[in-house]
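What follows is work.txt (compact mmCIF, C-alpha atoms).
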# COMPACT_ATOMS: atom_id res chain seq x y z
CA MET A 1 69.33 278.22 -62.27
CA GLU A 2 69.84 280.18 -59.07
CA THR A 3 68.67 283.78 -58.89
CA GLY A 4 70.84 284.82 -55.96
CA PHE A 5 67.73 285.71 -53.95
CA PRO A 6 67.31 283.19 -51.07
CA GLN A 7 63.52 283.54 -50.99
CA ALA A 8 63.04 282.77 -54.67
CA ASP A 9 65.70 280.07 -54.73
CA ALA A 10 64.22 278.34 -51.65
CA GLU A 11 60.80 278.29 -53.32
CA HIS A 12 62.35 276.81 -56.45
CA ASP A 13 64.24 274.24 -54.35
CA PHE A 14 61.01 273.00 -52.78
CA LEU A 15 59.09 272.84 -56.04
CA ARG A 16 61.96 271.00 -57.74
CA THR A 17 62.19 268.49 -54.89
CA ARG A 18 58.43 267.88 -54.89
CA ARG A 19 58.45 267.44 -58.67
CA ARG A 20 61.21 264.84 -58.40
CA GLN A 21 59.28 262.99 -55.71
CA VAL A 22 56.16 262.83 -57.87
CA LEU A 23 58.12 261.73 -60.95
CA SER A 24 59.92 259.07 -58.91
CA ARG A 25 56.61 257.71 -57.64
CA LEU A 26 55.24 257.63 -61.17
CA ALA A 27 58.34 255.84 -62.48
CA SER A 28 58.02 253.23 -59.72
CA TRP A 29 54.40 252.65 -60.65
CA LEU A 30 55.24 252.26 -64.34
CA ARG A 31 58.03 249.79 -63.49
CA ARG A 32 55.62 247.86 -61.24
CA GLU A 33 58.10 248.06 -58.36
CA PRO A 34 57.03 246.88 -54.88
CA ASP A 35 55.51 249.57 -52.69
CA ASP A 36 58.40 249.46 -50.22
CA VAL A 37 61.08 250.49 -52.73
CA SER A 38 60.54 254.21 -52.16
CA ASP A 39 59.52 253.96 -48.50
CA ILE A 40 61.69 255.38 -45.77
CA LEU A 41 62.71 252.65 -43.31
CA PRO A 42 60.80 252.72 -39.99
CA PHE A 43 63.23 252.63 -37.06
CA ASP A 44 60.95 250.68 -34.71
CA GLU A 45 60.32 247.91 -37.25
CA VAL A 46 64.02 247.63 -38.09
CA VAL A 47 65.07 247.36 -34.45
CA ALA A 48 62.27 244.90 -33.67
CA ALA A 49 63.39 242.68 -36.55
CA LEU A 50 67.04 242.80 -35.50
CA GLY A 51 66.47 242.44 -31.75
CA ARG A 52 67.51 245.47 -29.69
CA THR A 53 70.17 244.77 -27.05
CA GLY A 54 71.24 248.25 -25.87
CA GLU A 55 72.26 251.78 -26.77
CA ARG A 56 74.91 254.40 -26.01
CA ARG A 57 75.39 258.07 -26.83
CA LEU A 58 78.24 258.86 -29.21
CA GLY A 59 77.91 262.65 -29.21
CA LEU A 60 78.26 265.08 -32.08
CA GLN A 61 79.53 263.65 -35.38
CA VAL A 62 79.59 264.48 -39.09
CA ILE A 63 77.36 261.97 -40.89
CA ALA A 64 77.23 261.11 -44.59
CA LEU A 65 73.75 261.95 -45.84
CA GLU A 66 73.62 258.82 -47.99
CA SER A 67 73.74 256.69 -44.81
CA ILE A 68 70.47 258.20 -43.52
CA VAL A 69 67.80 255.74 -44.60
CA GLY A 70 65.03 255.89 -42.04
CA SER A 71 62.96 257.74 -39.49
CA VAL A 72 61.62 257.24 -36.01
CA ASP A 73 58.20 258.80 -36.60
CA ARG A 74 57.97 260.61 -39.96
CA THR A 75 57.78 257.72 -42.43
CA LYS A 76 54.64 259.12 -44.10
CA ASP A 77 55.98 262.65 -44.68
CA PHE A 78 59.13 261.84 -46.67
CA ASP A 79 60.20 259.23 -49.22
CA ARG A 80 63.40 257.19 -49.15
CA SER A 81 65.39 260.15 -50.54
CA PHE A 82 63.83 262.48 -47.94
CA ARG A 83 61.77 264.31 -50.52
CA PRO A 84 58.49 265.69 -49.10
CA ARG A 85 55.51 263.53 -50.02
CA THR A 86 53.02 266.39 -49.59
CA PRO A 87 53.09 270.20 -49.85
CA ARG A 88 52.02 270.71 -46.23
CA THR A 89 55.65 270.93 -45.06
CA ARG A 90 56.46 273.66 -47.57
CA GLU A 91 56.60 276.67 -45.22
CA ARG A 92 59.01 275.06 -42.75
CA TRP A 93 61.06 273.48 -45.55
CA GLU A 94 61.54 276.79 -47.38
CA ARG A 95 62.42 278.60 -44.14
CA LEU A 96 65.27 276.16 -43.55
CA ALA A 97 66.35 276.35 -47.19
CA ARG A 98 66.57 280.14 -46.96
CA ALA A 99 68.63 279.91 -43.79
CA GLN A 100 70.92 277.33 -45.39
CA ARG A 101 71.44 279.53 -48.46
CA ARG A 102 72.20 282.58 -46.31
CA GLY A 103 74.87 280.64 -44.48
CA GLU A 104 73.08 280.76 -41.14
CA THR A 105 73.98 278.25 -38.43
CA ILE A 106 71.78 275.16 -38.67
CA PRO A 107 71.36 273.14 -35.44
CA PRO A 108 72.58 269.50 -35.52
CA ILE A 109 70.01 266.81 -36.12
CA ASP A 110 69.44 263.81 -33.82
CA LEU A 111 70.04 260.30 -35.18
CA TYR A 112 69.94 256.68 -34.14
CA ARG A 113 72.72 254.53 -35.61
CA VAL A 114 72.11 250.83 -36.28
CA GLY A 115 75.22 249.30 -37.83
CA GLY A 116 76.01 251.59 -40.75
CA LEU A 117 72.43 252.87 -41.08
CA HIS A 118 71.09 256.09 -39.58
CA PHE A 119 67.51 256.96 -38.57
CA VAL A 120 66.30 260.49 -37.91
CA ARG A 121 64.87 261.28 -34.48
CA ASP A 122 64.72 265.04 -35.01
CA GLY A 123 65.67 267.08 -38.07
CA HIS A 124 63.84 265.52 -41.03
CA HIS A 125 63.40 268.86 -42.79
CA ARG A 126 67.08 269.71 -42.28
CA VAL A 127 68.06 266.39 -43.89
CA SER A 128 65.63 266.98 -46.76
CA VAL A 129 66.98 270.48 -47.44
CA ALA A 130 70.62 269.33 -47.22
CA ILE A 131 70.00 266.59 -49.79
CA ALA A 132 68.10 268.97 -52.07
CA LEU A 133 71.06 271.38 -51.97
CA ASN A 134 73.44 268.54 -52.91
CA LEU A 135 75.33 268.53 -49.60
CA ARG A 136 77.19 265.34 -48.74
CA SER A 137 77.21 265.42 -44.95
CA ILE A 138 75.44 266.89 -41.93
CA GLU A 139 76.19 267.38 -38.23
CA ALA A 140 74.27 265.09 -35.91
CA ARG A 141 74.03 263.97 -32.31
CA VAL A 142 74.27 260.21 -32.60
CA THR A 143 72.94 257.44 -30.37
CA GLU A 144 74.15 253.97 -31.31
CA VAL A 145 71.69 251.08 -30.95
CA THR A 146 73.12 247.56 -30.73
CA THR A 147 71.18 244.53 -31.99
CA LYS A 148 71.34 240.75 -31.99
CA ILE A 149 71.40 240.54 -35.78
CA ASP A 150 73.68 242.46 -38.12
CA PRO A 151 71.67 245.02 -40.17
CA ASN A 152 73.78 244.48 -43.29
CA GLY A 153 71.60 243.67 -46.27
CA ILE A 154 68.63 245.82 -45.28
CA VAL A 155 67.68 247.93 -48.27
CA HIS A 156 63.88 247.85 -48.40
CA ARG A 157 61.16 247.26 -45.84
CA GLY A 158 60.60 243.77 -47.22
CA ASP A 159 64.12 242.80 -46.14
CA LEU A 160 62.96 243.01 -42.51
CA ILE A 161 61.07 239.73 -42.93
CA THR A 162 64.33 237.88 -43.49
CA LYS A 163 66.04 239.65 -40.60
CA ASP A 164 63.14 238.97 -38.25
CA LEU A 165 63.09 235.26 -39.08
CA ARG A 166 66.87 235.07 -38.67
CA ARG A 167 66.55 236.76 -35.28
CA VAL A 168 63.96 234.17 -34.22
CA PHE A 169 66.34 231.45 -35.47
CA VAL A 170 69.10 232.85 -33.25
CA ASP A 171 66.71 232.89 -30.27
CA ARG A 172 65.85 229.24 -30.86
CA VAL A 173 69.33 228.14 -31.99
CA PRO A 174 71.73 230.49 -30.16
CA LEU A 175 74.86 230.03 -32.25
CA ARG A 176 77.67 232.57 -32.05
CA GLY A 177 80.55 233.86 -34.15
CA ARG A 178 81.76 231.71 -37.04
CA ALA A 179 79.06 229.11 -36.47
CA LEU A 180 76.26 231.65 -36.88
CA GLU A 181 77.96 233.28 -39.87
CA SER A 182 77.99 229.89 -41.63
CA ILE A 183 74.18 229.66 -41.57
CA GLU A 184 72.65 231.48 -44.54
CA VAL A 185 69.49 230.43 -46.38
CA ALA A 186 67.89 231.84 -49.52
CA ALA A 187 64.22 231.70 -48.48
CA PRO A 188 63.35 233.53 -45.23
CA TRP A 189 60.97 230.80 -44.01
CA ALA A 190 63.80 228.26 -44.26
CA TYR A 191 65.11 229.76 -40.99
CA ALA A 192 61.93 228.57 -39.25
CA GLU A 193 62.24 225.11 -40.81
CA LEU A 194 65.90 224.90 -39.84
CA SER A 195 65.03 225.92 -36.27
CA GLN A 196 62.58 223.04 -36.05
CA ALA A 197 65.14 220.63 -37.49
CA VAL A 198 67.74 221.64 -34.90
CA GLU A 199 65.26 221.41 -32.04
CA ALA A 200 64.18 217.95 -33.21
CA TRP A 201 67.84 216.89 -33.40
CA GLY A 202 68.35 218.22 -29.87
CA PHE A 203 65.33 216.30 -28.58
CA ARG A 204 66.65 213.04 -30.04
CA LEU A 205 70.05 213.81 -28.49
CA MET A 206 68.51 214.32 -25.04
CA GLN A 207 66.58 211.07 -25.37
CA HIS A 208 69.75 209.24 -26.34
CA GLU A 209 71.75 210.69 -23.42
CA SER A 210 68.83 210.65 -20.95
CA ARG A 211 69.51 214.18 -19.73
CA TYR A 212 68.35 217.74 -20.28
CA LEU A 213 70.45 220.04 -22.48
CA ASP A 214 69.86 223.80 -22.73
CA ARG A 215 69.51 225.58 -26.08
CA GLU A 216 73.09 226.83 -26.11
CA THR A 217 74.45 223.32 -25.67
CA VAL A 218 72.13 221.84 -28.28
CA ALA A 219 73.05 224.55 -30.79
CA ARG A 220 76.77 224.10 -30.20
CA ARG A 221 76.65 220.32 -30.46
CA TRP A 222 74.34 220.35 -33.50
CA TRP A 223 76.75 222.60 -35.37
CA SER A 224 79.87 220.56 -34.48
CA GLU A 225 78.44 217.01 -34.40
CA GLU A 226 75.74 217.19 -37.08
CA TYR A 227 75.96 220.21 -39.36
CA LYS A 228 79.69 220.43 -40.04
CA PRO A 229 80.27 216.68 -40.64
CA VAL A 230 77.16 216.37 -42.82
CA VAL A 231 78.01 219.41 -44.93
CA ARG A 232 81.51 218.00 -45.40
CA MET A 233 80.02 214.65 -46.49
CA LEU A 234 77.58 216.27 -48.90
CA ARG A 235 80.31 218.44 -50.38
CA GLN A 236 82.50 215.41 -50.99
CA ALA A 237 79.54 213.71 -52.65
CA ASP A 238 78.94 216.80 -54.83
CA LEU A 239 75.43 217.25 -53.45
CA ILE A 240 75.69 220.94 -52.51
CA GLY A 241 75.46 222.43 -56.00
CA ASP A 242 74.95 226.19 -56.17
CA ARG A 243 72.98 226.28 -52.90
CA SER A 244 74.34 227.54 -49.60
CA ASP A 245 75.57 224.88 -47.19
CA ALA A 246 72.60 225.51 -44.91
CA ASP A 247 70.07 225.26 -47.76
CA ALA A 248 71.64 222.02 -48.98
CA TYR A 249 71.71 220.54 -45.47
CA LEU A 250 68.07 221.40 -44.79
CA GLN A 251 66.72 220.26 -48.15
CA LEU A 252 68.68 217.01 -48.17
CA ALA A 253 67.85 216.27 -44.54
CA CYS A 254 64.14 216.57 -45.37
CA GLN A 255 64.60 214.51 -48.53
CA ARG A 256 66.49 211.86 -46.57
CA TYR A 257 63.66 211.37 -44.10
CA ARG A 258 60.95 211.48 -46.80
CA LEU A 259 62.71 208.78 -48.85
CA LEU A 260 64.35 206.61 -46.20
CA ARG A 261 62.58 207.38 -42.90
CA THR A 262 65.92 207.69 -41.15
CA HIS A 263 67.85 210.39 -39.31
CA ARG A 264 71.25 208.84 -39.86
CA TRP A 265 73.93 209.98 -42.31
CA ASP A 266 76.23 207.43 -43.92
CA ASP A 267 77.47 206.39 -47.36
CA GLU A 268 74.33 204.37 -48.08
CA VAL A 269 72.07 207.34 -47.32
CA VAL A 270 74.22 209.66 -49.43
CA ASP A 271 74.10 207.21 -52.34
CA GLN A 272 70.31 207.09 -52.10
CA LEU A 273 70.13 210.90 -52.10
CA ARG A 274 72.37 211.06 -55.14
CA ALA A 275 70.05 208.63 -56.92
CA HIS A 276 67.01 210.78 -56.07
CA PRO A 277 68.10 214.40 -56.66
CA THR A 278 65.96 217.14 -55.10
CA ALA A 279 64.35 219.96 -57.04
Before we go any further, please render this structure as structure tokens.
Amino acid sequence: METGFPQADAEHDFLRTRRRQVLSRLASWLRREPDDVSDILPFDEVVAALGRTGERRLGLQVIALESIVGSVDRTKDFDRSFRPRTPRTRERWERLARAQRRGETIPPIDLYRVGGLHFVRDGHHRVSVAIALNLRSIEARVTEVTTKIDPNGIVHRGDLITKDLRRVFVDRVPLRGRALESIEVAAPWAYAELSQAVEAWGFRLMQHESRYLDRETVARRWWSEEYKPVVRMLRQADLIGDRSDADAYLQLACQRYRLLRTHRWDDEVVDQLRAHPTA
């Protein structure tokens, strides 16, 4: 309950927020959740995984607080919900809470935007106080960062492994647009295996044509001359199952060579694969 006295209410706000942080950490421990579930996302690691390509200033905007998921340099001081992890920030936190309750003007925060995610450059305490007071939005000066890989799907720090491996796949197999969107695998390391498979296919193609082909050309021709026709063939033979097209292609291509020592695809090979289903 609020007392109507900003000093007392600000103190209560901080203690309540700290209590919730401690209880949340305890609940995570009891549920045996991974350590990264409650961690704030580190901006540098996210951008490194996605592959930074540029940035531009967007100016002052009103930002939904729920879209703020990370920090540039304060990942140890706050949890994923921007609750203080330690009491050492209490004095500054309560000062801002008092000002907020008195209706004083609060300066805008500074954010980086990556896709639909926002990362705090300056203003962590202001974000923490705003969330604690159940506000829904906050004013911010926004700088948009563009990346090679779409950040959609990043929830926890562990998700960066998948994004990083997909970024490396795009570096090695530079597909674009619809072709790239069609390549999705369940296991992160499958991107590395698929990269090797495409590069091996490109090497055999260059040997066959007795000329050098750059990565862009190999990627484009692999997708149109190998991947699409093979996926169509496997689908017709009902060999895809509940896997993604890319997972089925990779697993069956490896199975094909292990069983038959061949790189070709034809009805005979497909029949052999059907007779020896993969795990």
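Going from CA of Leu165 in chain A to CA of Glu45 in chain A covers 13.1 Å.
Note that CA of Ala49 in chain A and CA of Ser244 in chain A are 22.8 Å apart.
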Quick one: residues within 12 Å of range 176-178 of chain A, all atoms listed in the file counted, chain neighbours fewer than 4 positions away excluded, as a list in words?
Lys148, Ile149, Asp150, Phe169, Val170, Asp171, Ser182, Ile183, Glu184, Glu216, Thr217, Ala219, Arg220, Trp223, Ser224 and Lys228 of chain A
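Distance-wise, CA of Val185 in chain A and CA of Tyr227 in chain A end up 14.0 Å apart.
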Rank A:Arg101, A:Arg204, A:Lys163, A:His118 by their smallest atom-to-atom distance to Leu135 in chain A, using only C-alpha atoms, and report the top residue only.
A:Arg101
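Nearest to Pro6 in chain A of all the residues A:Gly116, A:Pro42, A:Gly241, A:Gly103 is A:Gly103, based on all atoms listed in the file.
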Non-local contacts of Arg121 in chain A (7 Å; all atoms listed in the file; under 5 positions in same chain excluded) as number ranges by chain:
A: 71-72, 110-112
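When only C-alpha atoms are used to compute distances to Leu160 in chain A, the closest of the residues A:Phe203, A:Phe43, A:Trp265, A:Phe82 turns out to be A:Phe43.
Each of A:Gln236, A:Thr75, A:Thr146, A:Gln251 was checked against Leu41 in chain A using only C-alpha atoms; the smallest atom-to-atom distance is that of A:Thr75.
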Here is a test: counting all atoms listed in the file, which residue of A:Val145, A:Leu26, A:Val173, A:Ala8 is nearest to Glu94 in chain A?
A:Ala8
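Contact shell of Ile138 in chain A at 7 Å (all atoms listed in the file; same-chain neighbours under 3 positions omitted): A:Val62, A:Ile63, A:Ala64, A:Leu65.
Minimum distance to Ala190 in chain A across A:Tyr249, A:Glu139, A:His208, A:Arg85 (counting all atoms listed in the file) occurs at A:Tyr249.
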